[in-house]
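Visitor: Next comes the structure file protein16.cif, holding mmCIF, C-alpha atoms and all ligand atoms.
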data_target
loop_
_atom_site.label_atom_id
_atom_site.label_comp_id
_atom_site.auth_asym_id
_atom_site.auth_seq_id
_atom_site.Cartn_x
_atom_site.Cartn_y
_atom_site.Cartn_z
CA MET Y 284 102.54 -9.81 113.25
CA ARG Y 285 101.92 -7.74 116.37
CA VAL Y 286 102.75 -9.12 119.80
CA LEU Y 287 101.33 -7.46 122.89
CA GLY Y 288 103.04 -8.19 126.22
CA ILE Y 289 101.22 -7.36 129.45
CA SER Y 290 103.03 -7.48 132.79
CA GLY Y 291 101.04 -7.69 136.02
CA SER Y 292 103.97 -7.38 138.40
CA PRO Y 293 104.33 -4.31 140.60
CA ARG Y 294 108.11 -4.88 140.74
CA ARG Y 295 109.74 -3.07 137.82
CA GLY Y 296 112.60 -5.09 136.41
CA GLY Y 297 111.60 -8.07 138.57
CA ASN Y 298 111.35 -11.70 137.54
CA THR Y 299 108.17 -11.37 135.51
CA ASP Y 300 109.46 -8.34 133.61
CA LEU Y 301 112.78 -10.08 132.85
CA LEU Y 302 110.99 -13.12 131.43
CA LEU Y 303 108.52 -11.03 129.47
CA ALA Y 304 111.37 -8.97 127.99
CA GLU Y 305 113.02 -12.17 126.71
CA VAL Y 306 109.78 -13.44 125.17
CA MET Y 307 109.35 -10.11 123.40
CA LYS Y 308 112.98 -10.13 122.21
CA GLY Y 309 112.45 -13.63 120.82
CA ALA Y 310 109.30 -12.49 119.01
CA ALA Y 311 111.07 -9.40 117.64
CA SER Y 312 113.95 -11.56 116.42
CA LYS Y 313 111.43 -13.26 114.12
CA GLY Y 314 110.21 -9.95 112.74
CA ALA Y 315 107.26 -9.26 115.06
CA GLU Y 316 106.29 -5.75 116.07
CA THR Y 317 106.14 -5.74 119.87
CA ARG Y 318 104.51 -3.55 122.50
CA ASN Y 319 104.78 -3.95 126.26
CA LEU Y 320 102.29 -2.70 128.81
CA ILE Y 321 103.09 -2.49 132.52
CA LEU Y 322 99.71 -2.64 134.26
CA ASN Y 323 101.13 -1.15 137.46
CA ASP Y 324 101.81 2.08 135.55
CA LEU Y 325 98.24 2.25 134.24
CA LYS Y 326 95.02 3.25 135.90
CA ILE Y 327 92.60 0.36 135.52
CA SER Y 328 89.61 0.38 137.87
CA PRO Y 329 87.90 -2.87 138.81
CA CYS Y 330 84.77 -3.87 136.87
CA GLN Y 331 81.64 -2.32 138.43
CA HIS Y 332 79.22 -4.93 137.02
CA CYS Y 333 77.01 -2.13 135.72
CA ASP Y 334 76.22 -4.13 132.55
CA ALA Y 335 76.61 -0.96 130.44
CA CYS Y 336 78.82 -3.02 128.12
CA PHE Y 337 75.78 -5.15 127.21
CA GLU Y 338 74.57 -2.24 124.99
CA ALA Y 339 77.51 -2.04 122.57
CA GLY Y 340 80.39 -4.04 124.05
CA VAL Y 341 82.03 -0.86 125.29
CA CYS Y 342 83.03 -0.27 128.91
CA ARG Y 343 81.75 3.01 130.30
CA ILE Y 344 84.77 3.46 132.62
CA LYS Y 345 87.07 5.86 130.78
CA ASP Y 346 90.48 4.93 132.12
CA ASP Y 347 93.62 3.27 130.68
CA MET Y 348 91.71 0.06 129.96
CA GLN Y 349 90.34 1.76 126.84
CA MET Y 350 93.89 1.78 125.44
CA VAL Y 351 94.38 -1.87 126.49
CA TYR Y 352 91.20 -2.94 124.60
CA SER Y 353 92.53 -1.20 121.52
CA GLU Y 354 95.99 -2.81 121.83
CA MET Y 355 94.38 -6.24 122.21
CA GLU Y 356 92.25 -5.69 119.11
CA LYS Y 357 95.40 -4.85 117.12
CA ALA Y 358 97.42 -7.81 118.45
CA ASP Y 359 97.94 -11.19 116.78
CA ARG Y 360 99.63 -12.59 119.88
CA ILE Y 361 99.03 -11.72 123.53
CA VAL Y 362 101.50 -12.56 126.30
CA LEU Y 363 100.19 -12.29 129.87
CA ALA Y 364 102.85 -12.32 132.58
CA SER Y 365 102.19 -12.30 136.33
CA PRO Y 366 103.85 -13.37 139.54
CA VAL Y 367 101.76 -15.42 141.98
CA HIS Y 368 100.27 -13.27 144.73
CA PHE Y 369 98.36 -15.22 147.39
CA LEU Y 370 98.13 -18.20 145.06
CA GLY Y 371 96.55 -16.26 142.22
CA LEU Y 372 97.23 -13.51 139.70
CA THR Y 373 98.19 -10.06 140.95
CA ALA Y 374 95.42 -7.55 141.57
CA GLN Y 375 96.71 -5.52 138.63
CA MET Y 376 96.29 -8.47 136.24
CA LYS Y 377 92.95 -9.56 137.70
CA ALA Y 378 91.51 -6.04 137.38
CA MET Y 379 92.52 -6.00 133.70
CA ILE Y 380 91.01 -9.45 133.12
CA ASP Y 381 87.75 -8.55 134.87
CA ARG Y 382 87.40 -5.52 132.60
CA GLY Y 383 87.38 -8.11 129.83
CA GLN Y 384 83.70 -8.37 130.73
CA ALA Y 385 83.08 -5.86 127.93
CA LEU Y 386 84.71 -8.35 125.53
CA TRP Y 387 82.60 -11.13 127.05
CA ALA Y 388 79.51 -9.00 126.33
CA ARG Y 389 80.56 -8.48 122.70
CA LYS Y 390 80.79 -12.24 122.25
CA TYR Y 391 77.99 -13.69 124.36
CA VAL Y 392 75.43 -10.86 124.47
CA LEU Y 393 75.97 -9.14 121.12
CA GLU Y 394 77.26 -12.23 119.27
CA LYS Y 395 80.18 -10.32 117.75
CA PRO Y 396 83.91 -11.18 117.68
CA PRO Y 397 85.28 -10.08 121.07
CA LEU Y 398 88.34 -8.42 119.56
CA GLY Y 399 86.64 -6.93 116.51
CA ASP Y 400 87.70 -9.44 113.86
CA ARG Y 401 88.10 -13.19 113.48
CA ARG Y 402 91.83 -13.40 112.76
CA GLU Y 403 93.78 -16.22 114.43
CA ARG Y 404 95.15 -14.99 117.75
CA LYS Y 405 97.33 -16.93 120.17
CA GLY Y 406 98.23 -16.36 123.80
CA LEU Y 407 101.10 -17.28 126.07
CA PHE Y 408 101.18 -17.16 129.87
CA ILE Y 409 104.28 -16.52 131.98
CA ALA Y 410 104.26 -16.90 135.76
CA VAL Y 411 106.70 -16.99 138.65
CA GLY Y 412 106.17 -17.74 142.33
CA GLY Y 413 108.37 -17.90 145.38
CA MET Y 414 107.05 -21.20 146.70
CA LYS Y 415 107.68 -24.72 145.46
CA LEU Y 416 104.12 -25.93 145.83
CA ALA Y 417 102.70 -28.66 143.55
CA HIS Y 418 99.61 -26.71 142.53
CA LEU Y 419 101.14 -23.24 142.78
CA PHE Y 420 100.00 -22.00 139.36
CA GLU Y 421 96.62 -23.70 139.06
CA PRO Y 422 94.40 -20.79 140.16
CA SER Y 423 96.29 -18.39 137.85
CA LEU Y 424 96.17 -20.88 134.98
CA ALA Y 425 92.42 -21.36 135.35
CA THR Y 426 91.79 -17.61 135.19
CA VAL Y 427 94.13 -16.96 132.27
CA LYS Y 428 92.74 -19.87 130.26
CA ALA Y 429 89.19 -18.66 130.90
CA PHE Y 430 90.14 -15.16 129.75
CA PHE Y 431 91.84 -16.38 126.56
CA THR Y 432 88.84 -18.60 125.79
CA VAL Y 433 86.41 -15.72 126.21
CA ILE Y 434 88.40 -13.39 123.95
CA ASP Y 435 88.92 -16.11 121.28
CA VAL Y 436 92.67 -16.35 121.83
CA GLU Y 437 94.06 -19.86 121.40
CA TYR Y 438 96.16 -21.01 124.37
CA ALA Y 439 99.66 -21.49 122.98
CA GLY Y 440 101.33 -22.59 126.22
CA ASP Y 441 103.02 -21.27 129.31
CA LEU Y 442 106.30 -20.76 131.13
CA LEU Y 443 105.88 -21.44 134.86
CA PHE Y 444 108.74 -21.01 137.32
CA PRO Y 445 108.23 -21.96 141.00
CA GLY Y 446 110.87 -21.26 143.67
CA ILE Y 447 111.71 -17.82 142.26
CA ASP Y 448 111.39 -15.18 144.95
CA GLU Y 449 114.13 -12.55 145.22
CA LYS Y 450 114.18 -9.74 142.67
CA GLY Y 451 116.27 -10.99 139.74
CA ALA Y 452 116.39 -14.61 140.98
CA ILE Y 453 115.21 -15.77 137.56
CA LYS Y 454 118.65 -14.82 136.17
CA LYS Y 455 120.16 -17.66 138.23
CA HIS Y 456 117.78 -20.24 136.76
CA PRO Y 457 119.73 -22.47 134.35
CA THR Y 458 117.35 -22.18 131.38
CA ALA Y 459 114.51 -19.73 132.11
CA LEU Y 460 115.64 -16.72 130.09
CA LYS Y 461 116.65 -18.87 127.12
CA ASP Y 462 113.36 -20.74 127.37
CA ALA Y 463 111.52 -17.42 127.33
CA PHE Y 464 113.39 -16.18 124.25
CA ALA Y 465 112.65 -19.45 122.41
CA ALA Y 466 108.98 -19.34 123.46
CA GLY Y 467 108.74 -15.83 122.00
CA GLN Y 468 110.18 -17.07 118.72
CA ARG Y 469 107.79 -20.03 118.59
CA LEU Y 470 104.82 -17.83 119.41
CA VAL Y 471 105.44 -15.95 116.19
CA THR Y 472 106.54 -18.77 113.89
CA ASP Y 473 104.25 -21.71 114.89
C1 LIG B 1 101.63 -9.75 148.01
C2 LIG B 1 102.47 -10.91 147.62
C3 LIG B 1 101.93 -12.18 147.67
C4 LIG B 1 102.68 -13.29 147.27
N1 LIG B 1 102.09 -14.52 147.31
C5 LIG B 1 102.77 -15.60 146.88
C6 LIG B 1 102.17 -16.88 146.88
O1 LIG B 1 101.01 -17.07 147.27
N2 LIG B 1 102.88 -17.94 146.42
C7 LIG B 1 104.16 -17.78 145.97
O2 LIG B 1 104.76 -18.77 145.52
N3 LIG B 1 104.79 -16.58 145.96
C8 LIG B 1 104.12 -15.47 146.40
N4 LIG B 1 104.73 -14.22 146.40
C9 LIG B 1 106.11 -14.11 145.93
C10 LIG B 1 106.25 -13.69 144.47
O3 LIG B 1 105.46 -14.49 143.62
C11 LIG B 1 107.71 -13.80 144.04
O4 LIG B 1 108.54 -12.98 144.85
C12 LIG B 1 107.95 -13.47 142.60
O5 LIG B 1 109.27 -13.81 142.22
C13 LIG B 1 107.75 -11.98 142.32
O6 LIG B 1 107.88 -11.77 140.93
P1 LIG B 1 108.25 -10.33 140.33
O7 LIG B 1 109.68 -10.05 140.66
O8 LIG B 1 108.02 -10.49 138.88
O9 LIG B 1 107.27 -9.36 140.91
C14 LIG B 1 104.02 -13.10 146.81
C15 LIG B 1 104.57 -11.81 146.79
C16 LIG B 1 103.82 -10.73 147.19
C17 LIG B 1 104.41 -9.35 147.17
#
Could the structure of this file be written out as structure tokens, please?
Ligand SMILES: Cc1cc2nc3c(=O)[nH]c(=O)nc-3n(C[C@H](O)[C@H](O)[C@H](O)COP(=O)(O)O)c2cc1C
Guide:
Amino acid sequence: MRVLGISGSPRRGGNTDLLLAEVMKGAASKGAETRNLILNDLKISPCQHCDACFEAGVCRIKDDMQMVYSEMEKADRIVLASPVHFLGLTAQMKAMIDRGQALWARKYVLEKPPLGDRRERKGLFIAVGGMKLAHLFEPSLATVKAFFTVIDVEYAGDLLFPGIDEKGAIKKHPTALKDAFAAGQRLVTD
């Protein structure tokens, strides 16, 4: 069982990274092999809508997204983690998702499995935001759910924490880190 964690936060060791680390520890505690990617450390250009991927489901932009495609193909579980930036996902996460257009092309243009095989894959979403707004996570949720649907990853749930703003504030939350560890365990065992 391989679990791929992808952080979209620019703040290293911030709230998103702390939660993602706990999810991955939980998954590892149940025997999963884990790999974490920090999108802010990678070079991922925005999709150019050139439609080159319609030929063979391969993106012609040769940057770090090529490695991300390959890690997703190998993964049984994918954890996307992003803070809210201007009521949506971070630019880092959105650029990665938009490059999923090549996976969209594999599925809807070429009628092939988007991640190369038809094994059961599941996905978890983690998000934090500074505000305490009723619909704070809805734009992010809509995008992440659309992405998971396109790449044939079953939505396994989410961990959403509003009112978390300062770096490390998530550590003061009464249950968040424990919840994240348990969610990582369930992601592997359920
Ligand atoms: C550019 C930018 C935009 C933000 N926009 C929002 C927002 O629209 N709503 C919100 O609740 N928090 C917003 N925040 C606050 C972050 O979501 C919050 O500080 C979060 O805890 C950061 O998580 P991190 O430590 O994982 O990066 C924004 C922060 C930045 C830097």
Visitor: Calculated over all atoms listed in the file, which of the candidates Y:Pro422, Y:Gly406, Y:Pro397, Y:Gly383 has the smallest distance to Leu442 of chain Y?
Guide: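 Closest to Leu442 of chain Y of all the choices is Y:Gly406.
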Visitor: Show which residues sit within 12 Å of segment 425-428 of chain Y, as a ChimeraX atom specification. Count only C-alpha atoms, and ignore same-chain residues fewer than 6 positions away.
Guide: /Y:361-365,370-373,376-381,383,405-410,418-419,434-441
Visitor: Could the residues of chain Y that have an atom at most 9 Å from ligand LIG 1 (chain B) be listed as a tab-separated table, each with its closest atom pair and the distance in Å to one decimal, counting only C-alpha atoms and all ligand atoms and ordered by chain and ascending residue number?
Guide:
residue	atom	partner	partner_atom	distance
Y:Ser290	CA	B:LIG1	O8	8.4
Y:Gly291	CA	B:LIG1	O8	8.0
Y:Ser292	CA	B:LIG1	O9	4.6
Y:Pro293	CA	B:LIG1	O9	5.9
Y:Arg294	CA	B:LIG1	O9	4.6
Y:Arg295	CA	B:LIG1	O9	7.4
Y:Gly296	CA	B:LIG1	O7	7.2
Y:Gly297	CA	B:LIG1	O7	3.5
Y:Asn298	CA	B:LIG1	O8	3.8
Y:Thr299	CA	B:LIG1	O8	3.5
Y:Asp300	CA	B:LIG1	O8	5.9
Y:Leu301	CA	B:LIG1	O8	7.7
Y:Leu302	CA	B:LIG1	O8	8.4
Y:Ala364	CA	B:LIG1	O8	8.4
Y:Ser365	CA	B:LIG1	O8	6.6
Y:Pro366	CA	B:LIG1	O3	4.5
Y:Val367	CA	B:LIG1	O3	4.2
Y:His368	CA	B:LIG1	N1	3.4
Y:Phe369	CA	B:LIG1	O1	3.2
Y:Leu370	CA	B:LIG1	O1	3.8
Y:Gly371	CA	B:LIG1	O1	6.8
Y:Thr373	CA	B:LIG1	C1	7.9
Y:Ala410	CA	B:LIG1	O8	8.1
Y:Val411	CA	B:LIG1	O5	5.4
Y:Gly412	CA	B:LIG1	O3	3.6
Y:Gly413	CA	B:LIG1	O2	3.7
Y:Met414	CA	B:LIG1	O2	3.5
Y:Lys415	CA	B:LIG1	O2	6.6
Y:Leu416	CA	B:LIG1	O2	7.2
Y:Leu419	CA	B:LIG1	O2	6.4
Y:Phe420	CA	B:LIG1	O2	8.4
Y:Phe444	CA	B:LIG1	O5	8.7
Y:Pro445	CA	B:LIG1	O2	6.5
Y:Gly446	CA	B:LIG1	O2	6.9
Y:Ile447	CA	B:LIG1	O5	4.7
Y:Asp448	CA	B:LIG1	O4	3.6
Y:Glu449	CA	B:LIG1	O4	5.6
Y:Lys450	CA	B:LIG1	O7	4.9
Y:Gly451	CA	B:LIG1	O7	6.7
Y:Ala452	CA	B:LIG1	O5	7.3
Y:Ile453	CA	B:LIG1	O5	7.8
Visitor: Which distance in Å separates atom CA of Tyr352 of chain Y and atom CA of Phe430 of chain Y, to one decimal?
Guide: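 Between atom CA of Tyr352 of chain Y and atom CA of Phe430 of chain Y the gap works out to 13.3 Å.
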Visitor: So the first atom is atom CA of Leu320 of chain Y and the second is atom CA of Glu354 of chain Y; what is the distance between them in Å, to one decimal place?
Guide: 9.4 Å
Visitor: Grab the atom CA of Lys345 of chain Y to atom CA of Leu424 of chain Y distance for me, in Å with one decimal place.
Guide: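 Here the two named atoms are 28.6 Å from each other.
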Visitor: Near Lys313 of chain Y, within 7 Å and counting all atoms listed in the file, which residues show up once chain neighbours fewer than 4 positions away are dropped, as a ChimeraX atom specification?
Guide: /Y:309,468,471
Visitor: Got a minute to add N, CA, C and O atoms to segment 314-329 of chain Y and dump it as a PDB file, keeping the file's coordinate frame?
Guide:
ATOM      1  N   GLY Y 314     110.846 -10.981 113.563  1.00  0.00           N
ATOM      2  CA  GLY Y 314     110.210  -9.950 112.740  1.00  0.00           C
ATOM      3  C   GLY Y 314     108.922  -9.370 113.293  1.00  0.00           C
ATOM      4  O   GLY Y 314     108.288  -8.542 112.634  1.00  0.00           O
ATOM      5  N   ALA Y 315     108.517  -9.778 114.512  1.00  0.00           N
ATOM      6  CA  ALA Y 315     107.260  -9.260 115.060  1.00  0.00           C
ATOM      7  C   ALA Y 315     107.436  -7.815 115.545  1.00  0.00           C
ATOM      8  O   ALA Y 315     108.527  -7.423 115.975  1.00  0.00           O
ATOM      9  N   GLU Y 316     106.335  -7.091 115.482  1.00  0.00           N
ATOM     10  CA  GLU Y 316     106.290  -5.750 116.070  1.00  0.00           C
ATOM     11  C   GLU Y 316     105.794  -5.956 117.504  1.00  0.00           C
ATOM     12  O   GLU Y 316     104.766  -6.631 117.701  1.00  0.00           O
ATOM     13  N   THR Y 317     106.520  -5.439 118.488  1.00  0.00           N
ATOM     14  CA  THR Y 317     106.140  -5.740 119.870  1.00  0.00           C
ATOM     15  C   THR Y 317     105.774  -4.466 120.640  1.00  0.00           C
ATOM     16  O   THR Y 317     106.300  -3.395 120.376  1.00  0.00           O
ATOM     17  N   ARG Y 318     104.856  -4.653 121.595  1.00  0.00           N
ATOM     18  CA  ARG Y 318     104.510  -3.550 122.500  1.00  0.00           C
ATOM     19  C   ARG Y 318     104.306  -4.142 123.894  1.00  0.00           C
ATOM     20  O   ARG Y 318     103.622  -5.156 124.051  1.00  0.00           O
ATOM     21  N   ASN Y 319     104.893  -3.499 124.873  1.00  0.00           N
ATOM     22  CA  ASN Y 319     104.780  -3.950 126.260  1.00  0.00           C
ATOM     23  C   ASN Y 319     103.941  -2.992 127.074  1.00  0.00           C
ATOM     24  O   ASN Y 319     104.145  -1.787 126.997  1.00  0.00           O
ATOM     25  N   LEU Y 320     103.054  -3.538 127.884  1.00  0.00           N
ATOM     26  CA  LEU Y 320     102.290  -2.700 128.810  1.00  0.00           C
ATOM     27  C   LEU Y 320     102.583  -3.160 130.236  1.00  0.00           C
ATOM     28  O   LEU Y 320     102.563  -4.361 130.523  1.00  0.00           O
ATOM     29  N   ILE Y 321     102.859  -2.202 131.095  1.00  0.00           N
ATOM     30  CA  ILE Y 321     103.090  -2.490 132.520  1.00  0.00           C
ATOM     31  C   ILE Y 321     101.814  -2.041 133.255  1.00  0.00           C
ATOM     32  O   ILE Y 321     101.573  -0.837 133.414  1.00  0.00           O
ATOM     33  N   LEU Y 322     101.021  -3.006 133.680  1.00  0.00           N
ATOM     34  CA  LEU Y 322      99.710  -2.640 134.260  1.00  0.00           C
ATOM     35  C   LEU Y 322      99.855  -1.753 135.486  1.00  0.00           C
ATOM     36  O   LEU Y 322      99.007  -0.901 135.742  1.00  0.00           O
ATOM     37  N   ASN Y 323     100.949  -1.941 136.232  1.00  0.00           N
ATOM     38  CA  ASN Y 323     101.130  -1.150 137.460  1.00  0.00           C
ATOM     39  C   ASN Y 323     101.293   0.341 137.168  1.00  0.00           C
ATOM     40  O   ASN Y 323     101.083   1.164 138.046  1.00  0.00           O
ATOM     41  N   ASP Y 324     101.665   0.670 135.933  1.00  0.00           N
ATOM     42  CA  ASP Y 324     101.810   2.080 135.550  1.00  0.00           C
ATOM     43  C   ASP Y 324     100.507   2.650 135.007  1.00  0.00           C
ATOM     44  O   ASP Y 324     100.443   3.837 134.668  1.00  0.00           O
ATOM     45  N   LEU Y 325      99.500   1.808 134.845  1.00  0.00           N
ATOM     46  CA  LEU Y 325      98.240   2.250 134.240  1.00  0.00           C
ATOM     47  C   LEU Y 325      97.164   2.381 135.317  1.00  0.00           C
ATOM     48  O   LEU Y 325      97.255   1.769 136.374  1.00  0.00           O
ATOM     49  N   LYS Y 326      96.153   3.155 134.983  1.00  0.00           N
ATOM     50  CA  LYS Y 326      95.020   3.250 135.900  1.00  0.00           C
ATOM     51  C   LYS Y 326      93.895   2.390 135.330  1.00  0.00           C
ATOM     52  O   LYS Y 326      93.302   2.717 134.306  1.00  0.00           O
ATOM     53  N   ILE Y 327      93.662   1.265 135.972  1.00  0.00           N
ATOM     54  CA  ILE Y 327      92.600   0.360 135.520  1.00  0.00           C
ATOM     55  C   ILE Y 327      91.714   0.027 136.730  1.00  0.00           C
ATOM     56  O   ILE Y 327      92.107  -0.728 137.624  1.00  0.00           O
ATOM     57  N   SER Y 328      90.534   0.612 136.744  1.00  0.00           N
ATOM     58  CA  SER Y 328      89.610   0.380 137.870  1.00  0.00           C
ATOM     59  C   SER Y 328      89.016  -1.024 137.761  1.00  0.00           C
ATOM     60  O   SER Y 328      88.902  -1.554 136.668  1.00  0.00           O
ATOM     61  N   PRO Y 329      88.591  -1.574 138.877  1.00  0.00           N
ATOM     62  CA  PRO Y 329      87.900  -2.870 138.810  1.00  0.00           C
ATOM     63  C   PRO Y 329      86.543  -2.736 138.106  1.00  0.00           C
ATOM     64  O   PRO Y 329      85.933  -1.675 138.140  1.00  0.00           O
TER      65      PRO Y 329
END
